[in-house]
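Engineer: Quick one: the structure is below, and I'll ask about it shortly.
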Amino acid sequence: MNTENLDLGTILIVDDTPANVSILFDFLAENGYKVLVAQEGKRAIQKAEYAFPDLILLDVMMPGIDGFETCQILKSKDRTKDIPIIFMTALADTVDKVRGFQLGAADYLTKPIQHEEVLARITTHLNFRRLQKQLQSHSAELEKRNQELDAFSRTVAHDLKNPLNAVMGYTQMLIDECSPHSPPDEDMIETLHLIDKASRKMVNIIDALLLLAGVTKQLKVTTEALDMTHIISQVEQRLAYMIKDSQASLIYSPTWPSALGYAPWVEEIWANYLSNGIKYGGKPPRLELGADHLSSSSKGEPGEDQKWIRFWVRDNGPGLSPEAQTQLFTPFTRLHKDSSTEGHGLGLSIVQQVVEKLGGKVGVETTLGQGCLFYFTLPAVAPITS
């Protein structure tokens, strides 16, 4: 075979028997591999760390440290732990083979070595190793791009938010100055209101992007008992312009069951569910807010002692088809594509990620023509026992 232009990888043979090494060396070299040799365990470890071969053929029975100990040391080192090791042994005992696999060996070859078998096994494990390296490389590149995108999103969001806040402030100032004085210019007032409304929508989009980046990056948050009355009051203030423009009505109890969560995130859950109900509810929207106590099995985790609370928003909209329900929590997907209602399609995706980070679930109950009930679950605060 002409091996002049082949570069199939580097194989390290570790064997103290020169005759075995010579035969394997010649055969592998003829088949396009670069071959290195070590005659005992310590030298094999040194060569593996220095040359970083693609695969190691390791004899079990050697003077000094045997193949098992050599394998254990190689697998304990960061640089060599991922190199596939194929044991070569005359041992037929299953216990010995199991021990080798437990130490991290990829395969076994039984002596006397058959050339076609060794070639087939080397090819298989090298192909698998190459796929592993490609996957690791792609994962590292994806992680790098995600970090760059996160940094870019945060920079852009913060850079946009400051001038937008200024626009909103100046607009509100002009509205306040015009309204109480001699006849205001109605066209100007209307224009200022439109600017203010557009600015608030852009701020909401920026807040959504920042929250999504934060939820994706933050592994864990500290939860505490929530003041749901205060949270919903905050949300009502945030959505005051939407509620006024749409003439929406919100109906809910002044008291709420006590649940565990992270208040800033739970505020966003309610803000997204309520704004969704205002946009796509009836004309005018009528939103009912409520909560139910659930058993542990209702969360889908039988045997769990934790009690759960389901919080929900029911609207008076047209409801959703089964097809639309399958797309509900997909990022950047708008279900009402024929609607004049504006939206960026992030809201429900954010709700799902936030709730899952808090340990709960999201969902919808709906029938065409009968509105929707959007819900999320949170763990209940455990009662104090004496």
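For the structure tokens, the naming scheme is as follows: chains receive sequential letters (A, B, ...) according to their order of presentation, residues are indexed from 1 within each chain, and ligands are indexed from 1 in presentation order.
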Pick out the residues sitting within 8 Å of region 125-132 of chain A, and hand them over as a VMD selection string; count only C-alpha atoms, and ignore anything fewer than 3 positions along from it in its own chain.

Structural biologist: chain A and resid 54 to 55 84 106 121 to 122 135 to 136

Engineer: Please, could you write that set of residues out with N, CA and C atoms as a CSV table (one decimal), in the first residue's frame?

Structural biologist:
chain,number,residue,atom,x,y,z
A,54,ASP,N,-3.3,9.6,19.0
A,54,ASP,CA,-4.7,9.5,18.8
A,54,ASP,C,-5.3,8.2,19.5
A,55,LEU,N,-4.5,7.2,19.7
A,55,LEU,CA,-4.9,5.9,20.3
A,55,LEU,C,-3.7,5.2,20.9
A,84,PRO,N,-8.3,7.2,23.6
A,84,PRO,CA,-8.8,5.8,23.7
A,84,PRO,C,-7.7,4.8,23.9
A,106,ALA,N,-11.2,1.4,26.2
A,106,ALA,CA,-12.2,1.5,25.1
A,106,ALA,C,-12.5,0.1,24.6
A,121,ARG,N,-10.7,-2.5,14.7
A,121,ARG,CA,-11.0,-1.8,16.0
A,121,ARG,C,-10.3,-0.5,16.1
A,122,ILE,N,-9.1,-0.3,15.6
A,122,ILE,CA,-8.5,1.0,15.6
A,122,ILE,C,-9.3,2.0,14.8
A,135,LEU,N,-17.5,17.3,18.0
A,135,LEU,CA,-18.6,17.7,18.9
A,135,LEU,C,-18.1,18.7,19.9
A,136,GLN,N,-17.0,18.4,20.5
A,136,GLN,CA,-16.4,19.3,21.5
A,136,GLN,C,-16.0,20.6,20.9

Engineer: Which of these residues is nearest to Met62 (chain A), using only C-alpha atoms: A:Phe25, A:Gly104, A:His115, A:Asp15?

Structural biologist: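 Distance minimum relative to Met62 (chain A) lands on A:Asp15.
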
Engineer: Have a look at A:Asn20, A:Ser246, A:Asn316, A:Thr222 and name the one nearest to Gln114 (chain A); count only C-alpha atoms.

Structural biologist: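 Going through A:Asn20, A:Ser246, A:Asn316, A:Thr222 one by one, the smallest distance to Gln114 (chain A) is for A:Asn20.
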
Engineer: Report the distance between CA of Ala259 (chain A) and CA of Ala291 (chain A) in Å, rounded to one decimal place.

Structural biologist: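 Rounded to one decimal, the two atoms are 10.4 Å apart.
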
Engineer: Env of region 226-228 of chain A: 12 Å cut, atoms = only C-alpha atoms, seq-sep filter 6 positions within chain, self excluded. Answer as a PyMOL selection string.

Structural biologist: chain A and resi 234-235+252-267+269-270+289-291+311+378-381

Engineer: Based on the selection just made, write C-alpha atoms of those residues as a PDB file, in the first residue's frame.

Structural biologist:
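Full text of out.pdb as output:
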ATOM      1  CA  GLN A 234     -46.499  46.545  40.366  1.00  0.00           C
ATOM      2  CA  VAL A 235     -47.532  44.809  37.165  1.00  0.00           C
ATOM      3  CA  TYR A 252     -58.955  39.109  41.254  1.00  0.00           C
ATOM      4  CA  SER A 253     -59.047  38.476  44.974  1.00  0.00           C
ATOM      5  CA  PRO A 254     -57.176  40.844  47.315  1.00  0.00           C
ATOM      6  CA  THR A 255     -55.563  37.850  49.053  1.00  0.00           C
ATOM      7  CA  TRP A 256     -53.302  35.163  47.608  1.00  0.00           C
ATOM      8  CA  PRO A 257     -51.911  31.818  48.824  1.00  0.00           C
ATOM      9  CA  SER A 258     -48.263  31.987  49.855  1.00  0.00           C
ATOM     10  CA  ALA A 259     -45.772  30.602  47.341  1.00  0.00           C
ATOM     11  CA  LEU A 260     -41.997  30.456  46.985  1.00  0.00           C
ATOM     12  CA  GLY A 261     -40.268  32.240  44.127  1.00  0.00           C
ATOM     13  CA  TYR A 262     -38.012  35.060  42.992  1.00  0.00           C
ATOM     14  CA  ALA A 263     -40.056  38.250  42.937  1.00  0.00           C
ATOM     15  CA  PRO A 264     -38.470  40.008  39.893  1.00  0.00           C
ATOM     16  CA  TRP A 265     -38.999  36.912  37.756  1.00  0.00           C
ATOM     17  CA  VAL A 266     -42.540  36.270  38.974  1.00  0.00           C
ATOM     18  CA  GLU A 267     -43.403  39.898  38.181  1.00  0.00           C
ATOM     19  CA  ILE A 269     -44.468  36.091  34.446  1.00  0.00           C
ATOM     20  CA  TRP A 270     -47.574  38.063  35.391  1.00  0.00           C
ATOM     21  CA  LEU A 289     -56.675  36.165  37.948  1.00  0.00           C
ATOM     22  CA  GLY A 290     -56.675  33.363  40.488  1.00  0.00           C
ATOM     23  CA  ALA A 291     -54.829  30.549  42.233  1.00  0.00           C
ATOM     24  CA  PHE A 311     -51.586  30.703  39.444  1.00  0.00           C
ATOM     25  CA  LEU A 378     -44.822  27.472  42.119  1.00  0.00           C
ATOM     26  CA  PRO A 379     -44.016  25.575  45.309  1.00  0.00           C
ATOM     27  CA  ALA A 380     -46.207  26.472  48.243  1.00  0.00           C
ATOM     28  CA  VAL A 381     -44.675  27.854  51.421  1.00  0.00           C
TER      29      VAL A 381
END

Engineer: Distance CA of Tyr280 (chain A)-CA of Pro318 (chain A), one decimal place?

Structural biologist: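 Between CA of Tyr280 (chain A) and CA of Pro318 (chain A) the gap works out to 8.1 Å.
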
Engineer: Which residues come within 8 Å of region 323-326 of chain A, counting only C-alpha atoms, excluding same-chain residues fewer than 2 positions away, as a PyMOL selection string?

Structural biologist: chain A and resi 320-321+328-329+335+364

Engineer: What would the file look like if the residues just selected were written as a PDB file, in the first residue's frame with C-alpha atoms?

Structural biologist:
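The resulting file, part-v2.pdb, is reproduced below:
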ATOM      1  CA  LEU A 320     -56.633  28.623  20.514  1.00  0.00           C
ATOM      2  CA  SER A 321     -56.667  25.764  18.043  1.00  0.00           C
ATOM      3  CA  LEU A 328     -47.269  28.621  22.339  1.00  0.00           C
ATOM      4  CA  PHE A 329     -43.960  28.719  24.156  1.00  0.00           C
ATOM      5  CA  LEU A 335     -49.706  32.968  16.968  1.00  0.00           C
ATOM      6  CA  VAL A 364     -52.730  26.540  28.901  1.00  0.00           C
TER       7      VAL A 364
END

Engineer: By how many Å are CA of Ala29 (chain A) and CA of Glu49 (chain A) apart?

Structural biologist: 21.6 Å

Engineer: Within 10 Å of Met88 (chain A), counting only C-alpha atoms, which residues qualify if same-chain residues fewer than 6 places away don't, as a PDB file with N, CA and C atoms, in the first residue's frame?

Structural biologist:
ATOM      1  N   ILE A  13       2.158   2.163  20.638  1.00  0.00           N
ATOM      2  CA  ILE A  13       2.165   0.748  21.033  1.00  0.00           C
ATOM      3  C   ILE A  13       2.973   0.625  22.316  1.00  0.00           C
ATOM      4  N   VAL A  14       2.391  -0.004  23.332  1.00  0.00           N
ATOM      5  CA  VAL A  14       3.076  -0.200  24.617  1.00  0.00           C
ATOM      6  C   VAL A  14       3.154  -1.699  24.864  1.00  0.00           C
ATOM      7  N   ASP A  15       4.346  -2.273  24.693  1.00  0.00           N
ATOM      8  CA  ASP A  15       4.524  -3.720  24.824  1.00  0.00           C
ATOM      9  C   ASP A  15       6.002  -3.982  25.084  1.00  0.00           C
ATOM     10  N   LEU A  57      -2.357   1.340  22.052  1.00  0.00           N
ATOM     11  CA  LEU A  57      -2.466  -0.117  22.175  1.00  0.00           C
ATOM     12  C   LEU A  57      -1.603  -0.520  23.366  1.00  0.00           C
ATOM     13  N   LEU A  58      -2.219  -1.037  24.419  1.00  0.00           N
ATOM     14  CA  LEU A  58      -1.539  -1.211  25.703  1.00  0.00           C
ATOM     15  C   LEU A  58      -1.540  -2.673  26.142  1.00  0.00           C
ATOM     16  N   ASP A  59      -0.346  -3.228  26.281  1.00  0.00           N
ATOM     17  CA  ASP A  59      -0.209  -4.597  26.792  1.00  0.00           C
ATOM     18  C   ASP A  59      -0.550  -4.606  28.283  1.00  0.00           C
ATOM     19  N   VAL A  60      -1.170  -5.678  28.742  1.00  0.00           N
ATOM     20  CA  VAL A  60      -1.546  -5.765  30.164  1.00  0.00           C
ATOM     21  C   VAL A  60      -0.372  -6.234  31.007  1.00  0.00           C
ATOM     22  N   MET A  61       0.284  -7.308  30.619  1.00  0.00           N
ATOM     23  CA  MET A  61       1.339  -7.901  31.427  1.00  0.00           C
ATOM     24  C   MET A  61       2.692  -7.313  31.039  1.00  0.00           C
ATOM     25  N   GLY A  67      -0.252  -2.909  32.721  1.00  0.00           N
ATOM     26  CA  GLY A  67      -1.149  -2.153  31.863  1.00  0.00           C
ATOM     27  C   GLY A  67      -2.314  -1.521  32.602  1.00  0.00           C
ATOM     28  N   ASP A 107     -11.508  -0.809  24.595  1.00  0.00           N
ATOM     29  CA  ASP A 107     -11.707  -2.108  23.940  1.00  0.00           C
ATOM     30  C   ASP A 107     -10.616  -3.078  24.378  1.00  0.00           C
ATOM     31  N   TYR A 108     -10.764  -4.346  23.956  1.00  0.00           N
ATOM     32  CA  TYR A 108      -9.783  -5.404  24.223  1.00  0.00           C
ATOM     33  C   TYR A 108      -9.421  -6.114  22.933  1.00  0.00           C
ATOM     34  N   LEU A 109      -8.149  -6.482  22.796  1.00  0.00           N
ATOM     35  CA  LEU A 109      -7.694  -7.383  21.743  1.00  0.00           C
ATOM     36  C   LEU A 109      -7.013  -8.573  22.416  1.00  0.00           C
ATOM     37  N   THR A 110      -7.377  -9.765  21.996  1.00  0.00           N
ATOM     38  CA  THR A 110      -6.809 -10.967  22.609  1.00  0.00           C
ATOM     39  C   THR A 110      -5.633 -11.472  21.772  1.00  0.00           C
ATOM     40  N   LYS A 111      -4.532 -11.700  22.462  1.00  0.00           N
ATOM     41  CA  LYS A 111      -3.350 -12.248  21.785  1.00  0.00           C
ATOM     42  C   LYS A 111      -3.554 -13.725  21.479  1.00  0.00           C
ATOM     43  N   PRO A 112      -2.991 -14.236  20.374  1.00  0.00           N
ATOM     44  CA  PRO A 112      -2.179 -13.513  19.382  1.00  0.00           C
ATOM     45  C   PRO A 112      -3.050 -12.564  18.551  1.00  0.00           C
ATOM     46  N   ILE A 113      -2.505 -11.372  18.263  1.00  0.00           N
ATOM     47  CA  ILE A 113      -3.241 -10.326  17.578  1.00  0.00           C
ATOM     48  C   ILE A 113      -3.461 -10.682  16.110  1.00  0.00           C
ATOM     49  N   VAL A 118      -7.284  -5.946  14.517  1.00  0.00           N
ATOM     50  CA  VAL A 118      -6.715  -4.759  15.129  1.00  0.00           C
ATOM     51  C   VAL A 118      -6.972  -3.534  14.256  1.00  0.00           C
TER      52      VAL A 118
END

Engineer: Considering only C-alpha atoms, state which residue in the set A:Leu348, A:Arg314, A:Val203, A:Ile309 is at the smallest distance from Gln327 (chain A).

Structural biologist: A:Leu348

Engineer: Which residue gives the smallest distance to Gln72 (chain A) among A:Leu368, A:Ile45, A:Ile350, A:Leu8, with only C-alpha atoms counted?

Structural biologist: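 Among the listed residues, A:Ile45 lies closest to Gln72 (chain A).
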
Engineer: Give me, as a ChimeraX atom specification, all polymer residues having an atom no more than 10 Å from region 96-103 of chain A, counting only C-alpha atoms and skipping those fewer than 4 positions away in the same chain.

Structural biologist: /A:60,67-76,85-87,89,91-92,107-108

Engineer: With N, CA and C atoms retained, export the selected residues as a PDB file, in the first residue's frame.

Structural biologist:
ATOM      1  N   VAL A  60      -1.170  -5.678  28.742  1.00  0.00           N
ATOM      2  CA  VAL A  60      -1.546  -5.765  30.164  1.00  0.00           C
ATOM      3  C   VAL A  60      -0.372  -6.234  31.007  1.00  0.00           C
ATOM      4  N   GLY A  67      -0.252  -2.909  32.721  1.00  0.00           N
ATOM      5  CA  GLY A  67      -1.149  -2.153  31.863  1.00  0.00           C
ATOM      6  C   GLY A  67      -2.314  -1.521  32.602  1.00  0.00           C
ATOM      7  N   PHE A  68      -2.861  -2.227  33.613  1.00  0.00           N
ATOM      8  CA  PHE A  68      -3.986  -1.678  34.374  1.00  0.00           C
ATOM      9  C   PHE A  68      -3.594  -0.377  35.080  1.00  0.00           C
ATOM     10  N   GLU A  69      -2.449  -0.400  35.763  1.00  0.00           N
ATOM     11  CA  GLU A  69      -1.998   0.797  36.475  1.00  0.00           C
ATOM     12  C   GLU A  69      -1.643   1.916  35.495  1.00  0.00           C
ATOM     13  N   THR A  70      -1.031   1.548  34.377  1.00  0.00           N
ATOM     14  CA  THR A  70      -0.707   2.554  33.358  1.00  0.00           C
ATOM     15  C   THR A  70      -1.977   3.232  32.846  1.00  0.00           C
ATOM     16  N   CYS A  71      -2.982   2.421  32.562  1.00  0.00           N
ATOM     17  CA  CYS A  71      -4.271   2.960  32.103  1.00  0.00           C
ATOM     18  C   CYS A  71      -4.880   3.891  33.148  1.00  0.00           C
ATOM     19  N   GLN A  72      -4.830   3.477  34.405  1.00  0.00           N
ATOM     20  CA  GLN A  72      -5.406   4.290  35.487  1.00  0.00           C
ATOM     21  C   GLN A  72      -4.718   5.653  35.578  1.00  0.00           C
ATOM     22  N   ILE A  73      -3.379   5.659  35.441  1.00  0.00           N
ATOM     23  CA  ILE A  73      -2.639   6.918  35.508  1.00  0.00           C
ATOM     24  C   ILE A  73      -2.967   7.804  34.303  1.00  0.00           C
ATOM     25  N   LEU A  74      -3.018   7.210  33.120  1.00  0.00           N
ATOM     26  CA  LEU A  74      -3.334   7.978  31.911  1.00  0.00           C
ATOM     27  C   LEU A  74      -4.724   8.606  32.008  1.00  0.00           C
ATOM     28  N   LYS A  75      -5.675   7.866  32.547  1.00  0.00           N
ATOM     29  CA  LYS A  75      -7.041   8.367  32.659  1.00  0.00           C
ATOM     30  C   LYS A  75      -7.202   9.402  33.775  1.00  0.00           C
ATOM     31  N   SER A  76      -6.206   9.498  34.639  1.00  0.00           N
ATOM     32  CA  SER A  76      -6.285  10.482  35.730  1.00  0.00           C
ATOM     33  C   SER A  76      -5.702  11.839  35.335  1.00  0.00           C
ATOM     34  N   ILE A  85      -7.922   3.828  24.760  1.00  0.00           N
ATOM     35  CA  ILE A  85      -6.935   2.788  25.058  1.00  0.00           C
ATOM     36  C   ILE A  85      -7.535   1.429  24.725  1.00  0.00           C
ATOM     37  N   ILE A  86      -6.820   0.655  23.931  1.00  0.00           N
ATOM     38  CA  ILE A  86      -7.211  -0.731  23.627  1.00  0.00           C
ATOM     39  C   ILE A  86      -6.192  -1.656  24.279  1.00  0.00           C
ATOM     40  N   PHE A  87      -6.663  -2.481  25.197  1.00  0.00           N
ATOM     41  CA  PHE A  87      -5.772  -3.433  25.865  1.00  0.00           C
ATOM     42  C   PHE A  87      -5.440  -4.588  24.928  1.00  0.00           C
ATOM     43  N   THR A  89      -4.017  -8.423  25.384  1.00  0.00           N
ATOM     44  CA  THR A  89      -3.761  -9.356  26.471  1.00  0.00           C
ATOM     45  C   THR A  89      -4.035 -10.791  26.062  1.00  0.00           C
ATOM     46  N   LEU A  91      -4.872 -12.693  28.549  1.00  0.00           N
ATOM     47  CA  LEU A  91      -5.795 -13.049  29.625  1.00  0.00           C
ATOM     48  C   LEU A  91      -7.200 -13.236  29.066  1.00  0.00           C
ATOM     49  N   ALA A  92      -7.813 -14.349  29.399  1.00  0.00           N
ATOM     50  CA  ALA A  92      -9.170 -14.618  28.910  1.00  0.00           C
ATOM     51  C   ALA A  92     -10.201 -14.456  30.014  1.00  0.00           C
ATOM     52  N   ASP A 107     -11.508  -0.809  24.595  1.00  0.00           N
ATOM     53  CA  ASP A 107     -11.707  -2.108  23.940  1.00  0.00           C
ATOM     54  C   ASP A 107     -10.616  -3.078  24.378  1.00  0.00           C
ATOM     55  N   TYR A 108     -10.764  -4.346  23.956  1.00  0.00           N
ATOM     56  CA  TYR A 108      -9.783  -5.404  24.223  1.00  0.00           C
ATOM     57  C   TYR A 108      -9.421  -6.114  22.933  1.00  0.00           C
TER      58      TYR A 108
END

Engineer: Would you list, as a ChimeraX atom specification, the residues of region 210-266 of chain A that end up in alpha helix (DSSP H) under DSSP run on this structure's backbone?

Structural biologist: /A:210-217,228-238,240-246,263-266

Engineer: Could you save those same residues with C-alpha atoms as a PDB file, in the first residue's frame?

Structural biologist:
ATOM      1  CA  LEU A 210     -32.199  41.299  29.307  1.00  0.00           C
ATOM      2  CA  LEU A 211     -34.385  39.003  31.375  1.00  0.00           C
ATOM      3  CA  LEU A 212     -33.997  36.165  28.877  1.00  0.00           C
ATOM      4  CA  ALA A 213     -30.211  36.574  28.920  1.00  0.00           C
ATOM      5  CA  GLY A 214     -30.213  36.628  32.722  1.00  0.00           C
ATOM      6  CA  VAL A 215     -32.433  33.562  33.072  1.00  0.00           C
ATOM      7  CA  THR A 216     -30.340  31.605  30.552  1.00  0.00           C
ATOM      8  CA  LYS A 217     -27.078  32.495  32.306  1.00  0.00           C
ATOM      9  CA  MET A 228     -48.224  38.348  45.373  1.00  0.00           C
ATOM     10  CA  THR A 229     -50.543  41.286  46.085  1.00  0.00           C
ATOM     11  CA  HIS A 230     -47.622  43.702  45.812  1.00  0.00           C
ATOM     12  CA  ILE A 231     -46.253  41.969  42.702  1.00  0.00           C
ATOM     13  CA  ILE A 232     -49.562  42.219  40.845  1.00  0.00           C
ATOM     14  CA  SER A 233     -49.934  45.865  41.907  1.00  0.00           C
ATOM     15  CA  GLN A 234     -46.499  46.545  40.366  1.00  0.00           C
ATOM     16  CA  VAL A 235     -47.532  44.809  37.165  1.00  0.00           C
ATOM     17  CA  GLU A 236     -50.743  46.850  36.967  1.00  0.00           C
ATOM     18  CA  GLN A 237     -48.688  50.037  37.202  1.00  0.00           C
ATOM     19  CA  ARG A 238     -46.344  48.834  34.448  1.00  0.00           C
ATOM     20  CA  ALA A 240     -51.381  50.983  33.016  1.00  0.00           C
ATOM     21  CA  TYR A 241     -51.135  52.439  29.502  1.00  0.00           C
ATOM     22  CA  MET A 242     -52.180  49.128  27.926  1.00  0.00           C
ATOM     23  CA  ILE A 243     -55.062  48.694  30.346  1.00  0.00           C
ATOM     24  CA  LYS A 244     -56.276  52.222  29.658  1.00  0.00           C
ATOM     25  CA  ASP A 245     -55.947  52.033  25.875  1.00  0.00           C
ATOM     26  CA  SER A 246     -57.742  48.686  25.636  1.00  0.00           C
ATOM     27  CA  ALA A 263     -40.056  38.250  42.937  1.00  0.00           C
ATOM     28  CA  PRO A 264     -38.470  40.008  39.893  1.00  0.00           C
ATOM     29  CA  TRP A 265     -38.999  36.912  37.756  1.00  0.00           C
ATOM     30  CA  VAL A 266     -42.540  36.270  38.974  1.00  0.00           C
TER      31      VAL A 266
END
